[in-house]
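The structure appears below as structure tokens.
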Amino acid sequence: MKKYLIILLILILNSFLISQEIVVQKKVESIQAPVLADFENPENTKLWKIGKTSPNCDLTKTELKPTDGGPWSLAVPAEHKKYCMGVKTAFNSQGYNYIEILPPVYDAKLYPDIQPLFPDPIPNPQNERFIPIPGKCKSIDVWVAGRNYRYTLEIWIKDLNGFIYPLEMGKIDYPGWRNLSKKIPEYIPQEQKYLPAEKPLKFIKFVLRSDPDEVADKLYVYFDHMKVITDVYIQRYDGYDIKDNW
């Protein structure tokens with residue numbers, strides 16, 4: 001009897017599944033690795049600036065400038081690693097010292113390679129300093145040349161609601177170039193319910209923080225080739241071409 005009941009249940013279940021339209025949607029992604037800053041244009045690098053610092057920072061010994069050189073192991077042609085960005089500073093005493101490094105005031109002309117990845121122009125009515133990150137960002141990385149100073153590098157990003165998130169990239173107490181990478185936490189929103197849903201993150205600054213007992217009289221550090229791993233797929237739907245900018 002049980003055997004017949006089981007067979008009957010299977011037949012009923014099959015009939016139900018056949019009568020239903022089952023649609024399985026596979027998530028579509030388009031993963032790319034755009035470079036946000038390669039520091040190969042010295043004039044563009046000069047547009048970066050030193051931001052806030054500890055009160056005891058010696059500004060007479062603080063400077064940001066384009067510098068010759070780049071990481072040997074960076075997998076790009078030699079002509080694309082001629083320059084990097086150098087930062088030097090000093091503090092008058094030990095402690096929880098810090099220094100901020102800010103990108104240029106955003107201008108689309110400074111980033112011709114990433115502009116095609118944005119469906120719409122990025123406005124900047126307040127002349128803010130930032131670099132927009134295309135797509136839904138999965139991770140961010142940058143090459144940093146350390147000089148064995150016990151400092152920690154942070155990358156600060158801003159979300160669609162204006163909230164700011166410091167991402168700790170790691171210590172720079174090592175000699176030479178290393179690639180420091182960080183996954184973007186899932187709790188940081190990168191899209192909204194309303195269309196257009198995509199709301200890109202913004203890179204707003206580097207921050208270097210010293211260990212409290214680290215030497216204070218000097219710091220040299222170099223940056224190169226900051227890029228992201230990001231999903232730039234955009235859903236095209238009937239009506240996508242209508243722009244809500246009027």
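Naming works like this for the structure tokens: A, B, ... for the chains as they're shown, residue 1 at the start of each chain, ligands 1 onward in shown order.
The neighbours of range 65-67 of chain A here are the residues that come within 10 Å of it, using only C-alpha atoms and leaving out any residue fewer than 6 positions away in the same chain; they are A:Phe39, A:Glu40, A:Asn41, A:Pro42, A:Glu43, A:Asn44, A:Thr45, A:Lys46, A:Leu47, A:Trp48, A:Lys49, A:Lys82, A:Tyr83, A:Cys84, A:Met85, A:Gly86, A:Val87, A:Lys88, A:Tyr222, A:Phe223.
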Deliver the residues from the most recent selection as a file, using C-alpha atoms, as a PDB file, in the first residue's frame.
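Everything below was put into selection.pdb:
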ATOM      1  CA  PHE A  39      50.627  58.286 -11.437  1.00  0.00           C
ATOM      2  CA  GLU A  40      52.269  58.162 -14.880  1.00  0.00           C
ATOM      3  CA  ASN A  41      51.329  61.770 -15.650  1.00  0.00           C
ATOM      4  CA  PRO A  42      53.477  63.993 -13.382  1.00  0.00           C
ATOM      5  CA  GLU A  43      51.214  66.996 -13.966  1.00  0.00           C
ATOM      6  CA  ASN A  44      48.168  65.054 -12.752  1.00  0.00           C
ATOM      7  CA  THR A  45      50.104  63.760  -9.732  1.00  0.00           C
ATOM      8  CA  LYS A  46      50.864  67.351  -8.753  1.00  0.00           C
ATOM      9  CA  LEU A  47      47.094  67.874  -8.376  1.00  0.00           C
ATOM     10  CA  TRP A  48      47.071  65.506  -5.389  1.00  0.00           C
ATOM     11  CA  LYS A  49      47.656  67.259  -2.069  1.00  0.00           C
ATOM     12  CA  LYS A  82      58.183  55.200 -15.103  1.00  0.00           C
ATOM     13  CA  TYR A  83      56.699  57.296 -12.301  1.00  0.00           C
ATOM     14  CA  CYS A  84      55.006  56.980  -8.927  1.00  0.00           C
ATOM     15  CA  MET A  85      53.805  59.409  -6.243  1.00  0.00           C
ATOM     16  CA  GLY A  86      56.188  60.122  -3.374  1.00  0.00           C
ATOM     17  CA  VAL A  87      55.200  61.510   0.022  1.00  0.00           C
ATOM     18  CA  LYS A  88      57.535  62.595   2.791  1.00  0.00           C
ATOM     19  CA  TYR A 222      55.567  55.856  -2.399  1.00  0.00           C
ATOM     20  CA  PHE A 223      52.304  54.965  -4.161  1.00  0.00           C
TER      21      PHE A 223
END
10 Å contact set for Asn56 in chain A, only C-alpha atoms, chain neighbours under 4 positions out, as a list in words: Ala90, Phe91, Asn92, Ser93, Gln94, Gly95, Asn97, Tyr98 and Ala216 of chain A
Spatial neighbours of Glu29 in chain A, 8 Å, only C-alpha atoms, chain gap at least 2 places, as a list in words: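 Close residues of Glu29 in chain A: Lys27, Ile31, Asp231, Val232 and Tyr233 of chain A.
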Nearby residues (only C-alpha atoms) at most 10 Å from Asn179 in chain A, same-chain spacing under 4 positions excluded, as a count of residues only: 13
Residue nearest Lys158 in chain A - candidates A:Ser210, A:Gln190, A:Ser139, A:Asn127, atoms counted: only C-alpha atoms: A:Gln190
Spatial neighbours of Ile140 in chain A, max dist 10 Å, only C-alpha atoms, sep filter under 5 positions, as a VMD selection string: chain A and resid 33 35 to 36 133 155 167 169 180 to 184 203 226 to 230
Selected residues written out, N, CA and C atoms, as a PDB file, in the first residue's frame:
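Saved as out28.pdb:
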ATOM      1  N   ALA A  33      39.026  45.291 -14.313  1.00  0.00           N
ATOM      2  CA  ALA A  33      40.012  45.783 -13.339  1.00  0.00           C
ATOM      3  C   ALA A  33      40.527  47.156 -13.763  1.00  0.00           C
ATOM      4  N   VAL A  35      42.020  50.896 -13.690  1.00  0.00           N
ATOM      5  CA  VAL A  35      43.026  51.598 -12.883  1.00  0.00           C
ATOM      6  C   VAL A  35      42.490  52.978 -12.520  1.00  0.00           C
ATOM      7  N   LEU A  36      42.447  53.268 -11.224  1.00  0.00           N
ATOM      8  CA  LEU A  36      41.971  54.579 -10.767  1.00  0.00           C
ATOM      9  C   LEU A  36      43.065  55.631 -10.841  1.00  0.00           C
ATOM     10  N   ILE A 133      34.442  55.236  -8.431  1.00  0.00           N
ATOM     11  CA  ILE A 133      34.781  53.832  -8.683  1.00  0.00           C
ATOM     12  C   ILE A 133      33.667  53.220  -9.524  1.00  0.00           C
ATOM     13  N   ILE A 155      42.570  53.256   3.294  1.00  0.00           N
ATOM     14  CA  ILE A 155      41.887  53.866   2.149  1.00  0.00           C
ATOM     15  C   ILE A 155      40.469  54.208   2.609  1.00  0.00           C
ATOM     16  N   LEU A 167      39.055  51.796   5.259  1.00  0.00           N
ATOM     17  CA  LEU A 167      39.441  50.413   5.012  1.00  0.00           C
ATOM     18  C   LEU A 167      40.925  50.254   5.327  1.00  0.00           C
ATOM     19  N   MET A 169      44.328  48.821   4.994  1.00  0.00           N
ATOM     20  CA  MET A 169      45.009  48.054   3.960  1.00  0.00           C
ATOM     21  C   MET A 169      46.147  47.214   4.517  1.00  0.00           C
ATOM     22  N   LEU A 180      49.036  46.044  -1.746  1.00  0.00           N
ATOM     23  CA  LEU A 180      48.121  45.934  -0.618  1.00  0.00           C
ATOM     24  C   LEU A 180      46.693  45.928  -1.145  1.00  0.00           C
ATOM     25  N   SER A 181      45.917  44.933  -0.727  1.00  0.00           N
ATOM     26  CA  SER A 181      44.579  44.743  -1.274  1.00  0.00           C
ATOM     27  C   SER A 181      43.555  44.577  -0.162  1.00  0.00           C
ATOM     28  N   LYS A 182      42.307  44.983  -0.450  1.00  0.00           N
ATOM     29  CA  LYS A 182      41.228  44.863   0.531  1.00  0.00           C
ATOM     30  C   LYS A 182      39.914  44.588  -0.190  1.00  0.00           C
ATOM     31  N   LYS A 183      39.168  43.591   0.290  1.00  0.00           N
ATOM     32  CA  LYS A 183      37.828  43.355  -0.221  1.00  0.00           C
ATOM     33  C   LYS A 183      36.873  44.422   0.308  1.00  0.00           C
ATOM     34  N   ILE A 184      35.918  44.819  -0.518  1.00  0.00           N
ATOM     35  CA  ILE A 184      34.916  45.786  -0.089  1.00  0.00           C
ATOM     36  C   ILE A 184      33.860  45.034   0.730  1.00  0.00           C
ATOM     37  N   PHE A 203      36.492  56.943  -3.991  1.00  0.00           N
ATOM     38  CA  PHE A 203      37.735  56.988  -3.216  1.00  0.00           C
ATOM     39  C   PHE A 203      37.971  58.436  -2.809  1.00  0.00           C
ATOM     40  N   MET A 226      46.936  52.272  -8.421  1.00  0.00           N
ATOM     41  CA  MET A 226      45.751  51.909  -7.637  1.00  0.00           C
ATOM     42  C   MET A 226      44.644  51.468  -8.596  1.00  0.00           C
ATOM     43  N   LYS A 227      44.097  50.275  -8.349  1.00  0.00           N
ATOM     44  CA  LYS A 227      43.043  49.760  -9.225  1.00  0.00           C
ATOM     45  C   LYS A 227      41.971  49.072  -8.393  1.00  0.00           C
ATOM     46  N   VAL A 228      40.875  48.713  -9.056  1.00  0.00           N
ATOM     47  CA  VAL A 228      39.782  47.990  -8.400  1.00  0.00           C
ATOM     48  C   VAL A 228      39.415  46.776  -9.237  1.00  0.00           C
ATOM     49  N   ILE A 229      38.847  45.772  -8.592  1.00  0.00           N
ATOM     50  CA  ILE A 229      38.161  44.675  -9.265  1.00  0.00           C
ATOM     51  C   ILE A 229      36.675  44.954  -9.102  1.00  0.00           C
ATOM     52  N   THR A 230      35.954  45.071 -10.201  1.00  0.00           N
ATOM     53  CA  THR A 230      34.583  45.550 -10.121  1.00  0.00           C
ATOM     54  C   THR A 230      33.698  44.907 -11.185  1.00  0.00           C
TER      55      THR A 230
END
So which bits of range 14-237 of chain A end up strand (DSSP E) when you DSSP the backbone, as a PDB file with C-alpha atoms, in the first residue's frame?
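Dumped everything to states_18.pdb:
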ATOM      1  CA  ILE A  31      34.275  41.753 -14.147  1.00  0.00           C
ATOM      2  CA  GLN A  32      36.933  44.318 -15.023  1.00  0.00           C
ATOM      3  CA  VAL A  35      43.026  51.598 -12.883  1.00  0.00           C
ATOM      4  CA  LEU A  36      41.971  54.579 -10.767  1.00  0.00           C
ATOM      5  CA  ALA A  37      45.422  56.171 -10.610  1.00  0.00           C
ATOM      6  CA  LYS A  49      47.656  67.259  -2.069  1.00  0.00           C
ATOM      7  CA  ILE A  50      48.425  66.748   1.587  1.00  0.00           C
ATOM      8  CA  GLY A  51      45.243  66.933   3.671  1.00  0.00           C
ATOM      9  CA  LYS A  52      44.891  67.058   7.450  1.00  0.00           C
ATOM     10  CA  THR A  53      47.778  65.998   9.655  1.00  0.00           C
ATOM     11  CA  GLU A  63      55.934  67.263   0.553  1.00  0.00           C
ATOM     12  CA  LEU A  64      54.123  65.338  -2.185  1.00  0.00           C
ATOM     13  CA  LYS A  65      55.683  65.021  -5.629  1.00  0.00           C
ATOM     14  CA  PRO A  66      55.928  62.860  -8.772  1.00  0.00           C
ATOM     15  CA  THR A  67      58.896  60.517  -8.394  1.00  0.00           C
ATOM     16  CA  ASP A  68      60.816  58.302 -10.808  1.00  0.00           C
ATOM     17  CA  TYR A  83      56.699  57.296 -12.301  1.00  0.00           C
ATOM     18  CA  CYS A  84      55.006  56.980  -8.927  1.00  0.00           C
ATOM     19  CA  MET A  85      53.805  59.409  -6.243  1.00  0.00           C
ATOM     20  CA  GLY A  86      56.188  60.122  -3.374  1.00  0.00           C
ATOM     21  CA  VAL A  87      55.200  61.510   0.022  1.00  0.00           C
ATOM     22  CA  LYS A  88      57.535  62.595   2.791  1.00  0.00           C
ATOM     23  CA  THR A  89      56.808  64.107   6.187  1.00  0.00           C
ATOM     24  CA  TYR A  98      48.799  60.682  10.935  1.00  0.00           C
ATOM     25  CA  ILE A  99      48.807  62.309   7.531  1.00  0.00           C
ATOM     26  CA  GLU A 100      46.142  62.382   4.782  1.00  0.00           C
ATOM     27  CA  ILE A 101      46.801  62.284   1.028  1.00  0.00           C
ATOM     28  CA  LEU A 102      43.932  63.618  -1.099  1.00  0.00           C
ATOM     29  CA  ILE A 131      37.861  59.426  -7.679  1.00  0.00           C
ATOM     30  CA  PRO A 132      34.631  57.633  -8.664  1.00  0.00           C
ATOM     31  CA  LYS A 136      29.913  47.353  -8.073  1.00  0.00           C
ATOM     32  CA  CYS A 137      33.349  47.239  -6.506  1.00  0.00           C
ATOM     33  CA  LYS A 138      34.585  43.931  -5.121  1.00  0.00           C
ATOM     34  CA  SER A 139      38.104  44.923  -4.019  1.00  0.00           C
ATOM     35  CA  ILE A 140      40.629  47.735  -4.182  1.00  0.00           C
ATOM     36  CA  ASP A 141      44.417  47.539  -4.221  1.00  0.00           C
ATOM     37  CA  VAL A 142      47.436  49.800  -4.496  1.00  0.00           C
ATOM     38  CA  TRP A 143      51.194  49.317  -4.753  1.00  0.00           C
ATOM     39  CA  VAL A 144      53.042  50.892  -1.835  1.00  0.00           C
ATOM     40  CA  ALA A 145      56.801  51.127  -1.321  1.00  0.00           C
ATOM     41  CA  GLY A 146      57.614  51.034   2.383  1.00  0.00           C
ATOM     42  CA  ARG A 147      60.820  51.970   4.174  1.00  0.00           C
ATOM     43  CA  TYR A 151      52.756  52.971   9.811  1.00  0.00           C
ATOM     44  CA  THR A 152      49.359  51.607   8.771  1.00  0.00           C
ATOM     45  CA  LEU A 153      47.730  52.570   5.486  1.00  0.00           C
ATOM     46  CA  GLU A 154      43.995  53.218   5.245  1.00  0.00           C
ATOM     47  CA  ILE A 155      41.887  53.866   2.149  1.00  0.00           C
ATOM     48  CA  TRP A 156      38.724  55.898   2.799  1.00  0.00           C
ATOM     49  CA  ILE A 157      35.687  55.498   0.570  1.00  0.00           C
ATOM     50  CA  LYS A 158      32.281  57.199   0.498  1.00  0.00           C
ATOM     51  CA  ILE A 164      32.519  57.276   4.886  1.00  0.00           C
ATOM     52  CA  TYR A 165      34.314  53.988   5.537  1.00  0.00           C
ATOM     53  CA  PRO A 166      38.016  53.648   6.444  1.00  0.00           C
ATOM     54  CA  LEU A 167      39.441  50.413   5.012  1.00  0.00           C
ATOM     55  CA  GLU A 168      42.640  49.232   6.685  1.00  0.00           C
ATOM     56  CA  MET A 169      45.009  48.054   3.960  1.00  0.00           C
ATOM     57  CA  GLY A 170      47.811  46.900   6.241  1.00  0.00           C
ATOM     58  CA  LYS A 171      51.201  47.830   7.679  1.00  0.00           C
ATOM     59  CA  PRO A 175      61.301  47.319   2.433  1.00  0.00           C
ATOM     60  CA  GLY A 176      60.382  47.972  -1.197  1.00  0.00           C
ATOM     61  CA  TRP A 177      57.159  47.539  -3.129  1.00  0.00           C
ATOM     62  CA  ARG A 178      54.159  45.439  -2.117  1.00  0.00           C
ATOM     63  CA  ASN A 179      50.628  45.242  -3.404  1.00  0.00           C
ATOM     64  CA  LEU A 180      48.121  45.934  -0.618  1.00  0.00           C
ATOM     65  CA  SER A 181      44.579  44.743  -1.274  1.00  0.00           C
ATOM     66  CA  LYS A 182      41.228  44.863   0.531  1.00  0.00           C
ATOM     67  CA  LYS A 183      37.828  43.355  -0.221  1.00  0.00           C
ATOM     68  CA  LYS A 202      34.108  57.177  -4.283  1.00  0.00           C
ATOM     69  CA  PHE A 203      37.735  56.988  -3.216  1.00  0.00           C
ATOM     70  CA  ILE A 204      38.384  60.069  -1.090  1.00  0.00           C
ATOM     71  CA  LYS A 205      41.839  59.700   0.495  1.00  0.00           C
ATOM     72  CA  PHE A 206      44.799  57.728   1.778  1.00  0.00           C
ATOM     73  CA  VAL A 207      45.547  57.977   5.495  1.00  0.00           C
ATOM     74  CA  LEU A 208      48.840  56.914   7.103  1.00  0.00           C
ATOM     75  CA  ARG A 209      48.895  56.326  10.891  1.00  0.00           C
ATOM     76  CA  SER A 210      52.002  55.689  12.941  1.00  0.00           C
ATOM     77  CA  LEU A 219      58.709  59.217   6.848  1.00  0.00           C
ATOM     78  CA  TYR A 220      59.091  58.375   3.170  1.00  0.00           C
ATOM     79  CA  VAL A 221      56.436  56.386   1.273  1.00  0.00           C
ATOM     80  CA  TYR A 222      55.567  55.856  -2.399  1.00  0.00           C
ATOM     81  CA  PHE A 223      52.304  54.965  -4.161  1.00  0.00           C
ATOM     82  CA  ASP A 224      51.635  53.454  -7.578  1.00  0.00           C
ATOM     83  CA  HIS A 225      48.947  51.820  -9.699  1.00  0.00           C
ATOM     84  CA  MET A 226      45.751  51.909  -7.637  1.00  0.00           C
ATOM     85  CA  LYS A 227      43.043  49.760  -9.225  1.00  0.00           C
ATOM     86  CA  VAL A 228      39.782  47.990  -8.400  1.00  0.00           C
ATOM     87  CA  ILE A 229      38.161  44.675  -9.265  1.00  0.00           C
ATOM     88  CA  THR A 230      34.583  45.550 -10.121  1.00  0.00           C
ATOM     89  CA  ASP A 231      31.420  44.287 -11.791  1.00  0.00           C
TER      90      ASP A 231
END
Residue list (helix (DSSP H, G or I), DSSP) for range 33-233 of chain A, as a ChimeraX atom specification: /A:42-45,59-61,78-80,108-110,115-117
Distance query Asp113 in chain A at most 8 Å, only C-alpha atoms, self and fewer than 2 positions along chain excluded, as a ChimeraX atom specification: /A:34-35,111,115-116
Between CA of Phe118 in chain A and CA of Pro134 in chain A, distance in Å (one decimal):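 Atom-to-atom, CA of Phe118 in chain A and CA of Pro134 in chain A are spaced 6.0 Å apart.
The closest residue to Pro200 in chain A, picked from A:Val105, A:Gly162, A:Leu59, A:His80 and counting only C-alpha atoms, is A:Gly162.
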Separation of CA of Leu160 in chain A from CA of Ile188 in chain A, in Å and rounded to one decimal: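 These atoms are spaced 9.2 Å apart.
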